[in-house]
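Participant: What follows is the file upload30.txt, containing compact mmCIF, C-alpha atoms and all ligand atoms:
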```txt
# COMPACT_ATOMS: atom_id res chain seq x y z
CA MET U 1 -19.51 -29.62 -91.99
CA HIS U 2 -21.69 -29.09 -88.95
CA THR U 3 -23.00 -32.57 -89.23
CA LYS U 4 -19.54 -33.97 -89.16
CA LEU U 5 -18.47 -32.07 -86.12
CA TYR U 6 -21.62 -32.67 -84.17
CA SER U 7 -21.82 -36.30 -85.05
CA SER U 8 -18.41 -36.59 -83.57
CA ILE U 9 -19.84 -35.41 -80.30
CA PHE U 10 -22.37 -38.18 -80.25
CA PRO U 11 -20.30 -40.84 -78.52
CA SER U 12 -19.92 -38.51 -75.61
CA ILE U 13 -23.54 -38.68 -74.72
CA ILE U 14 -23.62 -42.40 -74.25
CA LEU U 15 -23.28 -42.38 -70.53
CA LEU U 16 -25.99 -39.90 -69.86
CA SER U 17 -28.33 -41.33 -72.40
CA LEU U 18 -27.88 -44.66 -70.75
CA VAL U 19 -28.47 -43.46 -67.27
CA PHE U 20 -31.61 -41.69 -68.13
CA LEU U 21 -33.04 -44.02 -70.69
CA PHE U 22 -32.27 -46.82 -68.35
CA LEU U 23 -33.90 -45.18 -65.38
CA TYR U 24 -36.79 -44.22 -67.53
CA SER U 25 -37.28 -47.60 -69.12
CA THR U 26 -37.00 -49.41 -65.85
CA PHE U 27 -39.02 -46.98 -63.88
CA LEU U 28 -41.81 -46.32 -66.30
CA PRO U 29 -43.66 -49.63 -65.94
CA LEU U 30 -43.39 -49.47 -62.18
CA TYR U 31 -44.57 -45.95 -62.13
CA THR U 32 -47.47 -46.62 -64.41
CA ASN U 33 -48.65 -49.43 -62.17
CA ASN U 34 -48.48 -47.19 -59.18
CA ASN U 35 -49.90 -44.23 -60.93
CA SER U 36 -52.85 -43.66 -58.65
CA SER U 37 -51.25 -44.40 -55.31
CA PRO U 38 -49.53 -41.62 -53.42
CA LEU U 39 -45.78 -41.60 -53.44
CA PRO U 40 -44.32 -43.58 -50.60
CA THR U 41 -42.99 -41.50 -47.80
CA ASN U 42 -41.13 -44.04 -45.72
CA LYS U 43 -37.60 -43.01 -45.11
CA PHE U 44 -34.79 -45.34 -45.95
CA LEU U 45 -31.40 -45.34 -47.49
CA PRO U 46 -30.91 -47.42 -50.57
CA PHE U 47 -27.18 -47.89 -50.10
CA SER U 48 -24.94 -48.94 -47.32
CA SER U 49 -21.46 -48.11 -48.45
CA SER U 50 -19.44 -45.36 -46.93
CA SER U 51 -18.84 -42.18 -48.79
CA THR U 52 -15.11 -42.19 -48.37
CA CYS U 53 -14.08 -45.27 -50.31
CA ASN U 54 -12.80 -45.13 -53.84
CA LEU U 55 -15.18 -46.83 -56.24
CA PHE U 56 -12.75 -46.43 -59.12
CA ASP U 57 -9.99 -48.55 -57.62
CA GLY U 58 -10.62 -52.26 -57.89
CA ASN U 59 -10.70 -55.30 -60.10
CA TRP U 60 -13.01 -57.18 -62.39
CA VAL U 61 -13.95 -60.48 -60.81
CA SER U 62 -15.64 -63.28 -62.68
CA ASN U 63 -18.93 -64.24 -61.10
CA SER U 64 -21.03 -66.77 -62.94
CA THR U 65 -23.94 -66.28 -60.58
CA LYS U 66 -24.00 -62.52 -60.97
CA ALA U 67 -27.50 -61.13 -61.37
CA LYS U 68 -28.71 -60.92 -64.95
CA PRO U 69 -28.72 -57.57 -66.76
CA PHE U 70 -31.90 -55.55 -66.34
CA TYR U 71 -32.62 -55.46 -70.04
CA ASP U 72 -32.21 -57.58 -73.13
CA GLU U 73 -31.98 -57.10 -76.89
CA THR U 74 -35.55 -55.79 -77.08
CA CYS U 75 -34.65 -52.55 -75.31
CA PRO U 76 -35.81 -49.93 -77.82
CA PHE U 77 -33.36 -47.24 -76.78
CA HIS U 78 -30.12 -48.82 -77.87
CA ARG U 79 -28.39 -48.15 -81.11
CA ASN U 80 -28.37 -51.21 -83.26
CA ALA U 81 -24.59 -51.37 -83.45
CA TRP U 82 -24.27 -51.56 -79.67
CA ASN U 83 -27.00 -54.13 -79.20
CA CYS U 84 -24.57 -57.00 -78.86
CA LEU U 85 -27.22 -59.52 -77.86
CA LYS U 86 -29.22 -58.87 -80.98
CA ASN U 87 -26.08 -58.91 -83.09
CA LYS U 88 -25.14 -62.25 -81.55
CA ARG U 89 -21.78 -61.16 -80.34
CA ASP U 90 -19.75 -64.10 -79.06
CA ASN U 91 -19.18 -64.30 -75.36
CA MET U 92 -21.95 -62.01 -74.16
CA GLY U 93 -22.59 -64.28 -71.19
CA VAL U 94 -18.94 -64.14 -70.23
CA ILE U 95 -18.69 -60.40 -70.84
CA ASN U 96 -21.48 -59.80 -68.40
CA SER U 97 -20.23 -62.25 -65.82
CA TRP U 98 -17.43 -59.87 -64.86
CA GLU U 99 -18.20 -57.76 -61.87
CA TRP U 100 -16.38 -54.59 -60.86
CA VAL U 101 -15.27 -55.03 -57.26
CA PRO U 102 -13.79 -51.89 -55.68
CA LYS U 103 -11.00 -52.56 -53.21
CA ASP U 104 -12.42 -50.96 -50.10
CA CYS U 105 -16.11 -50.67 -50.66
CA ASN U 106 -19.24 -52.26 -51.94
CA LEU U 107 -20.54 -51.30 -55.30
CA GLU U 108 -24.21 -52.03 -55.31
CA ARG U 109 -26.28 -52.52 -58.36
CA ILE U 110 -28.74 -49.77 -59.01
CA ASP U 111 -32.23 -50.40 -57.81
CA PRO U 112 -33.99 -47.89 -60.02
CA TRP U 113 -37.22 -47.72 -58.07
CA ARG U 114 -35.53 -47.22 -54.73
CA PHE U 115 -33.07 -44.78 -56.19
CA LEU U 116 -35.70 -42.54 -57.68
CA GLU U 117 -37.81 -42.74 -54.57
CA TRP U 118 -34.86 -41.77 -52.44
CA LEU U 119 -33.82 -39.02 -54.80
CA MET U 120 -37.28 -37.56 -54.85
CA GLN U 121 -37.32 -37.38 -51.07
CA VAL U 122 -33.90 -35.79 -50.88
CA LEU U 123 -34.66 -33.21 -53.49
CA LYS U 124 -38.09 -32.48 -52.07
CA SER U 125 -36.84 -32.00 -48.56
CA GLY U 126 -33.67 -30.09 -49.04
CA ARG U 127 -33.68 -28.64 -52.43
CA GLU U 128 -37.01 -27.13 -53.30
CA ARG U 129 -36.98 -26.19 -56.91
CA GLU U 130 -39.41 -25.15 -59.47
CA LEU U 131 -40.42 -28.09 -61.53
CA GLY U 132 -39.95 -27.65 -65.20
CA GLU U 133 -40.25 -29.60 -68.34
CA GLY U 134 -38.17 -32.73 -68.25
CA LEU U 135 -35.59 -32.91 -70.95
CA ILE U 136 -35.38 -36.64 -70.76
CA PHE U 137 -37.94 -37.71 -68.25
CA PRO U 138 -41.30 -37.67 -69.96
CA SER U 139 -44.27 -35.86 -68.54
CA ILE U 140 -45.43 -38.84 -66.54
CA MET U 141 -42.44 -38.15 -64.36
CA SER U 142 -42.79 -34.44 -64.20
CA GLN U 143 -43.44 -34.62 -60.49
CA LEU U 144 -39.78 -35.39 -60.14
CA PRO U 145 -37.26 -32.69 -59.86
CA ILE U 146 -35.00 -33.16 -62.78
CA ILE U 147 -31.51 -34.46 -62.73
CA GLY U 148 -29.99 -32.66 -65.62
CA PRO U 149 -28.65 -34.81 -68.34
CA PHE U 150 -26.48 -32.69 -70.46
CA CYS U 151 -24.65 -33.42 -73.59
CA LEU U 152 -22.28 -30.60 -73.95
CA PRO U 153 -20.04 -30.21 -76.87
CA ASN U 154 -16.84 -28.87 -75.59
CA THR U 155 -16.66 -26.78 -78.69
CA ILE U 156 -18.19 -23.75 -77.14
CA SER U 157 -19.29 -22.69 -80.55
CA ALA U 158 -18.32 -24.15 -83.84
CA GLN U 159 -19.00 -23.18 -87.37
CA ASP U 160 -17.37 -23.39 -90.68
CA GLU U 161 -16.80 -19.79 -91.46
CA LEU U 162 -14.48 -20.57 -94.31
CA LYS U 163 -15.12 -23.55 -96.41
CA GLY U 164 -13.89 -26.65 -94.64
CA VAL U 165 -12.57 -24.89 -91.58
CA TYR U 166 -13.90 -25.59 -88.12
CA ARG U 167 -14.04 -22.66 -85.78
CA VAL U 168 -14.05 -23.02 -82.01
CA ASP U 169 -14.52 -19.87 -79.96
CA VAL U 170 -12.83 -20.62 -76.68
CA ASP U 171 -14.54 -17.72 -74.90
CA ILE U 172 -18.11 -17.92 -76.16
CA VAL U 173 -20.61 -20.06 -74.33
CA ALA U 174 -22.82 -22.21 -76.51
CA ASP U 175 -26.55 -21.51 -76.40
CA ASP U 176 -27.18 -24.88 -74.77
CA TRP U 177 -25.25 -23.75 -71.77
CA SER U 178 -27.31 -20.74 -70.90
CA SER U 179 -30.10 -22.92 -69.53
CA ILE U 180 -28.03 -25.13 -67.28
CA THR U 181 -26.94 -22.59 -64.76
CA ASP U 182 -29.46 -22.96 -61.98
CA PHE U 183 -32.08 -25.47 -63.00
CA TYR U 184 -30.45 -28.86 -62.52
CA ASP U 185 -29.51 -30.67 -59.35
CA VAL U 186 -26.86 -32.88 -60.90
CA LEU U 187 -24.70 -32.15 -63.90
CA VAL U 188 -22.29 -34.54 -65.56
CA PHE U 189 -19.86 -32.91 -67.94
CA ASN U 190 -17.72 -34.72 -70.42
CA THR U 191 -15.40 -33.97 -73.21
CA GLY U 192 -16.66 -36.20 -75.95
CA HIS U 193 -14.65 -36.87 -79.05
CA TRP U 194 -14.78 -33.56 -80.87
CA TRP U 195 -11.02 -33.17 -80.57
CA GLY U 196 -10.24 -36.37 -82.51
CA TYR U 197 -7.06 -35.83 -84.49
CA ASP U 198 -8.20 -37.73 -87.54
CA LYS U 199 -11.25 -35.51 -87.94
CA PHE U 200 -9.20 -32.48 -88.82
CA PRO U 201 -6.66 -33.07 -91.53
CA LYS U 202 -4.65 -30.15 -92.86
CA GLU U 203 -7.23 -29.24 -95.50
CA THR U 204 -10.04 -28.89 -92.92
CA PRO U 205 -8.35 -27.78 -89.73
CA LEU U 206 -9.86 -26.83 -86.41
CA ILE U 207 -9.05 -23.21 -85.61
CA PHE U 208 -9.35 -21.74 -82.14
CA TYR U 209 -10.72 -18.20 -81.83
CA ARG U 210 -10.63 -15.75 -78.97
CA HIS U 211 -12.29 -12.31 -78.93
CA GLY U 212 -13.69 -13.23 -82.33
CA ARG U 213 -10.29 -13.69 -83.95
CA PRO U 214 -8.09 -16.64 -84.68
CA ILE U 215 -5.64 -17.16 -81.87
CA ASN U 216 -2.17 -16.38 -83.07
CA PRO U 217 0.04 -18.34 -83.30
CA PRO U 218 -2.58 -21.04 -83.92
CA LEU U 219 -3.09 -23.56 -81.13
CA GLY U 220 -2.70 -27.23 -81.77
CA LEU U 221 -5.54 -29.53 -80.78
CA LEU U 222 -4.26 -30.35 -77.32
CA ASP U 223 -3.35 -26.77 -76.44
CA GLY U 224 -6.69 -25.58 -77.74
CA PHE U 225 -8.43 -28.34 -75.83
CA GLN U 226 -6.76 -27.14 -72.67
CA VAL U 227 -7.82 -23.53 -73.19
CA VAL U 228 -11.40 -24.63 -73.87
CA LEU U 229 -11.38 -26.70 -70.69
CA GLU U 230 -10.11 -23.82 -68.62
CA ASN U 231 -12.83 -21.59 -69.98
CA MET U 232 -15.53 -24.17 -69.39
CA VAL U 233 -14.45 -24.78 -65.83
CA HIS U 234 -14.28 -21.06 -65.17
CA HIS U 235 -17.76 -20.62 -66.57
CA ILE U 236 -19.15 -23.49 -64.49
CA GLN U 237 -17.62 -22.13 -61.31
CA LYS U 238 -18.97 -18.69 -61.98
CA GLU U 239 -22.47 -19.54 -63.18
CA VAL U 240 -23.55 -22.85 -61.70
CA PRO U 241 -24.73 -22.69 -58.08
CA LYS U 242 -22.55 -24.20 -55.37
CA ASN U 243 -25.15 -26.75 -54.31
CA THR U 244 -25.48 -28.25 -57.76
CA LEU U 245 -23.72 -31.59 -57.78
CA LYS U 246 -21.11 -31.50 -60.53
CA PHE U 247 -19.18 -34.35 -62.09
CA TRP U 248 -16.73 -34.50 -64.90
CA ARG U 249 -16.61 -37.87 -66.57
CA LEU U 250 -13.16 -38.83 -67.78
CA GLN U 251 -12.59 -40.37 -71.19
CA SER U 252 -13.89 -43.74 -72.25
CA PRO U 253 -10.85 -45.70 -73.46
CA ARG U 254 -10.65 -47.46 -76.82
CA HIS U 255 -9.06 -50.84 -77.44
CA PHE U 256 -7.73 -50.96 -80.97
CA TYR U 257 -5.12 -53.67 -81.14
CA GLY U 258 -2.60 -53.74 -83.97
CA GLY U 259 -3.63 -50.49 -85.62
CA GLU U 260 -6.12 -47.64 -85.70
CA TRP U 261 -9.80 -48.20 -86.53
CA ASN U 262 -9.04 -47.65 -90.21
CA GLN U 263 -5.91 -49.78 -90.15
CA ASN U 264 -7.46 -53.11 -89.26
CA GLY U 265 -7.25 -52.45 -85.54
CA SER U 266 -9.11 -55.21 -83.74
CA CYS U 267 -10.44 -56.16 -80.31
CA LEU U 268 -11.27 -59.84 -80.45
CA PHE U 269 -10.45 -60.52 -76.83
CA ASP U 270 -12.26 -63.01 -74.70
CA ARG U 271 -11.27 -61.68 -71.30
CA PRO U 272 -10.34 -58.39 -69.67
CA LEU U 273 -6.76 -57.18 -69.79
CA GLU U 274 -4.51 -57.84 -66.82
CA GLU U 275 -3.58 -54.94 -64.60
CA ASP U 276 0.06 -55.06 -65.68
CA GLN U 277 -0.93 -54.67 -69.34
CA LEU U 278 -2.73 -51.38 -68.86
CA ASP U 279 0.25 -49.05 -68.93
CA LEU U 280 1.58 -50.66 -72.05
CA TRP U 281 -1.73 -50.09 -73.76
CA PHE U 282 -2.60 -46.67 -72.47
CA ASP U 283 0.32 -44.78 -71.02
CA PRO U 284 1.07 -41.92 -73.41
CA SER U 285 4.80 -42.55 -73.03
CA ASN U 286 4.34 -45.84 -74.87
CA ASN U 287 2.79 -43.97 -77.76
CA GLY U 288 0.20 -46.67 -78.41
CA VAL U 289 -2.89 -46.40 -80.59
CA ASN U 290 -5.15 -45.79 -77.59
CA LYS U 291 -3.11 -43.26 -75.66
CA GLU U 292 -5.46 -40.31 -76.04
CA ALA U 293 -7.76 -41.12 -73.12
CA ARG U 294 -5.04 -40.71 -70.50
CA THR U 295 -3.54 -37.75 -72.30
CA LEU U 296 -6.82 -35.87 -72.16
CA ASN U 297 -7.65 -37.06 -68.66
CA HIS U 298 -4.48 -35.47 -67.46
CA LEU U 299 -5.61 -32.10 -68.81
CA ILE U 300 -9.12 -32.54 -67.46
CA LYS U 301 -7.91 -33.38 -63.96
CA GLU U 302 -5.67 -30.37 -64.03
CA ALA U 303 -8.51 -28.11 -65.12
CA VAL U 304 -10.96 -29.21 -62.44
CA GLN U 305 -8.44 -29.33 -59.62
CA GLY U 306 -9.42 -27.10 -56.72
CA THR U 307 -13.01 -26.74 -57.94
CA ASP U 308 -16.16 -28.41 -56.66
CA ILE U 309 -16.36 -30.59 -59.77
CA GLN U 310 -15.86 -34.25 -58.89
CA VAL U 311 -13.93 -36.43 -61.25
CA LEU U 312 -15.87 -39.44 -62.46
CA ASP U 313 -12.94 -41.63 -63.31
CA LEU U 314 -14.52 -44.32 -65.40
CA THR U 315 -11.41 -44.63 -67.52
CA ARG U 316 -9.34 -47.01 -65.51
CA LEU U 317 -11.99 -49.60 -64.81
CA SER U 318 -12.93 -49.48 -68.48
CA GLU U 319 -9.32 -49.85 -69.58
CA PHE U 320 -9.41 -53.46 -68.47
CA ARG U 321 -12.33 -54.31 -70.72
CA ALA U 322 -10.79 -54.94 -74.12
CA ASP U 323 -13.28 -57.81 -74.35
CA ALA U 324 -16.43 -55.74 -74.11
CA HIS U 325 -16.69 -53.76 -77.36
CA PRO U 326 -18.95 -54.69 -80.27
CA ALA U 327 -15.82 -55.53 -82.35
CA ILE U 328 -17.03 -57.29 -85.52
CA TRP U 329 -20.59 -57.87 -84.33
CA LEU U 330 -22.15 -54.70 -85.67
CA GLY U 331 -25.45 -55.99 -86.96
CA GLN U 332 -24.80 -55.00 -90.55
CA LYS U 333 -23.23 -57.11 -93.22
CA ASP U 334 -20.52 -54.84 -94.55
CA ALA U 335 -19.98 -52.71 -91.49
CA VAL U 336 -16.57 -54.07 -90.64
CA SER U 337 -15.18 -53.75 -94.16
CA ILE U 338 -16.43 -50.16 -94.33
CA TRP U 339 -15.73 -48.84 -90.83
CA GLY U 340 -13.46 -51.44 -89.33
CA GLN U 341 -14.08 -53.05 -85.99
CA ASP U 342 -15.79 -51.07 -83.29
CA CYS U 343 -13.38 -51.07 -80.38
CA MET U 344 -14.58 -47.74 -79.07
CA HIS U 345 -18.26 -48.04 -78.17
CA TRP U 346 -19.40 -50.62 -75.64
CA CYS U 347 -21.64 -53.61 -75.88
CA LEU U 348 -24.98 -53.28 -74.15
CA PRO U 349 -25.57 -54.78 -71.72
CA GLY U 350 -22.02 -54.35 -70.53
CA VAL U 351 -19.50 -51.98 -69.01
CA PRO U 352 -21.74 -48.85 -69.12
CA ASP U 353 -24.11 -50.58 -66.70
CA THR U 354 -21.28 -50.50 -64.18
CA TRP U 355 -20.80 -46.80 -64.93
CA VAL U 356 -24.44 -46.26 -64.04
CA ASP U 357 -24.07 -48.12 -60.76
CA ILE U 358 -21.10 -45.98 -59.82
CA LEU U 359 -22.69 -42.69 -60.79
CA VAL U 360 -25.81 -43.51 -58.84
CA GLN U 361 -23.83 -44.47 -55.76
CA LEU U 362 -21.82 -41.25 -55.96
CA ILE U 363 -24.94 -39.14 -56.32
CA HIS U 364 -26.30 -40.87 -53.28
CA ASN U 365 -23.13 -40.43 -51.26
CA SER U 366 -22.83 -36.80 -52.20
CA PHE U 367 -26.36 -35.90 -51.14
CA GLU U 368 -26.15 -37.94 -47.96
CA THR U 369 -22.98 -36.28 -46.81
CA GLY U 370 -24.27 -32.91 -47.82
C1 LIG I 401 -21.89 -63.21 -57.35
O1 LIG I 401 -23.08 -62.52 -57.52
C2 LIG I 401 -24.12 -62.89 -56.60
C3 LIG I 401 -25.38 -62.15 -57.03
O2 LIG I 401 -25.20 -60.75 -56.97
C4 LIG I 401 -23.67 -62.55 -55.19
O3 LIG I 401 -24.68 -62.93 -54.28
C5 LIG I 401 -22.38 -63.28 -54.88
O4 LIG I 401 -21.89 -62.86 -53.64
C6 LIG I 401 -21.33 -62.97 -55.96
N1 LIG I 401 -20.19 -63.83 -55.75
C7 LIG I 401 -18.97 -63.33 -55.53
C8 LIG I 401 -17.88 -64.34 -55.42
O5 LIG I 401 -18.77 -62.14 -55.42
C1 LIG I 402 -6.30 -54.56 -93.72
O1 LIG I 402 -6.58 -55.90 -94.07
C2 LIG I 402 -6.87 -56.08 -95.44
C3 LIG I 402 -7.30 -57.52 -95.65
O2 LIG I 402 -6.46 -58.40 -94.96
C4 LIG I 402 -5.67 -55.69 -96.28
O3 LIG I 402 -5.94 -55.83 -97.64
C5 LIG I 402 -5.32 -54.22 -95.97
O4 LIG I 402 -4.14 -53.87 -96.65
C6 LIG I 402 -5.13 -54.00 -94.49
N1 LIG I 402 -4.99 -52.57 -94.24
C7 LIG I 402 -4.05 -52.06 -93.45
C8 LIG I 402 -4.02 -50.57 -93.33
O5 LIG I 402 -3.22 -52.73 -92.87
```
Would you kindly transcribe this structure into structure tokens?
Ligand SMILES: *[C@@H]1O[C@H](CO)[C@@H](O)[C@H](O)[C@H]1NC(C)=O
Ligand SMILES: *[C@@H]1O[C@H](CO)[C@@H](O)[C@H](O)[C@H]1NC(C)=O
Facilitator:
Amino acid sequence: MHTKLYSSIFPSIILLSLVFLFLYSTFLPLYTNNNSSPLPTNKFLPFSSSSTCNLFDGNWVSNSTKAKPFYDETCPFHRNAWNCLKNKRDNMGVINSWEWVPKDCNLERIDPWRFLEWLMQVLKSGRERELGEGLIFPSIMSQLPIIGPFCLPNTISAQDELKGVYRVDVDIVADDWSSITDFYDVLVFNTGHWWGYDKFPKETPLIFYRHGRPINPPLGLLDGFQVVLENMVHHIQKEVPKNTLKFWRLQSPRHFYGGEWNQNGSCLFDRPLEEDQLDLWFDPSNNGVNKEARTLNHLIKEAVQGTDIQVLDLTRLSEFRADAHPAIWLGQKDAVSIWGQDCMHWCLPGVPDTWVDILVQLIHNSFETG
């Protein structure tokens, strides 16, 4: 039972895994080469864009001369099913020719070496911290203050007390959380997929507890989700220092067309959706297959309103990209007949690389404007 619940959390860690594995994999060779030389101390800013523009509002523009992805199918960190180059997904060249162009600002592509160099200077100068063991960065990078990657199940604690019943204590902080309070400089929270309706049929329901007892009358998934969010946000505001940079990543949208994942839903698109299609696909009032991202986002935005947690709204820009999921190219012969098409995770390289660019630019902007 645990396995099932926790494996459902896995998709939520994609973004962070990517950021850090990516930084690591790109940075490591550079760092190794420069191992013996002192760290550069020249001062420069790696980005030029202003901190006030909205990186989330824009369009995907086709650019056939766009710079190539930083990595290819040999990258050892990617799950096989998302390695769309290796799995020979159609259209990978086209998928990666689309460039996210925000309306009023420049989105620059991450330059990992410059970013880490800059970050190190910022953190060294203004934010002296004890250096600890890196969770993700290996020891070769232990001179760096750590940006905290954190994969937090929103289920503050979960266990199957009765057979087949999932318990979520809305007021008990998971053990993982106790260590995040004052160590990290940047935290990115997200809400994963633990709340998925289809994971909890009547026979194995999710039951919300407070003060050690089932909440009565029982909360439905969305109401329970909201209470958990409120408690998380309250905890973060109380325990995490003010100068820790905090983001909440909104939901990654799915693109099942014509039915759910287990009802032959498909995503064999060869170009992004048009802007005027998005509401039809995703607005909860249209009751489509993929409505849950906006439904949950609404609750998340409400919960973080008035706090110092910034919303990382990767949903909308991702909503366009019906063309960028692994779909039927899963690298395993029977995968589609067993699990259906994958219209939820993203091809790599692909849309998550844009997420990384945005996150990095926001981290930069936030530290530069203090
Ligand atoms: C396409 O990408 C290249 C490389 O980043 C860039 O120099 C060029 O300005 C882009 N073209 C358009 C139309 O944005
Ligand atoms: C999915 O497609 C298969 C093969 O075309 C068909 O046999 C099956 O009934 C379909 N399932 C659903 C839920 O539509």
Participant: Please determine, counting only C-alpha atoms, which residue among U:Ile215, U:Leu348, U:Ile338, U:Leu278 has the shortest atom-to-atom distance to Phe320 in chain U.
Facilitator: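 Closest to Phe320 in chain U, using only C-alpha atoms: U:Leu278.
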Participant: Report, in Å with one decimal, the straight-line distance from CA of Leu330 in chain U to CA of Ala81 in chain U.
Facilitator: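 Value for the CA of Leu330 in chain U-CA of Ala81 in chain U distance: 4.7 Å.
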Participant: Please build the interface table for range 242-301 of chain U against range 359-369 of chain U with a cut-off of 10 Å, listing for each qualifying residue the nearest atom pair and the distance in Å to one decimal; count only C-alpha atoms, order rows by chain and increasing number, and write it as a tab-separated table.
Facilitator:
```
residue	atom	partner	partner_atom	distance
U:Asn243	CA	U:Phe367	CA	9.8
U:Leu245	CA	U:Ser366	CA	7.7
U:Lys246	CA	U:Ile363	CA	9.5
U:Phe247	CA	U:Leu359	CA	9.1
U:Arg249	CA	U:Leu359	CA	9.7
```
Participant: Could you tell me how far CA of Thr315 in chain U lies from CA of Glu117 in chain U, in Å and to one decimal?
Facilitator: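 CA of Thr315 in chain U sits 29.5 Å away from CA of Glu117 in chain U.
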Participant: Find the nearest atom pair between each residue of chain U and ligand LIG 402 (chain I) for residues within 7 Å, count only C-alpha atoms and all ligand atoms, give distances in Å to one decimal, sort rows by chain and ascending number, and present the table as a Markdown table.
Facilitator:
```
| residue | atom | partner | partner_atom | distance |
| --- | --- | --- | --- | --- |
| U:Asn262 | CA | I:LIG402 | C8 | 6.6 |
| U:Gln263 | CA | I:LIG402 | C8 | 3.8 |
| U:Asn264 | CA | I:LIG402 | C1 | 4.8 |
```
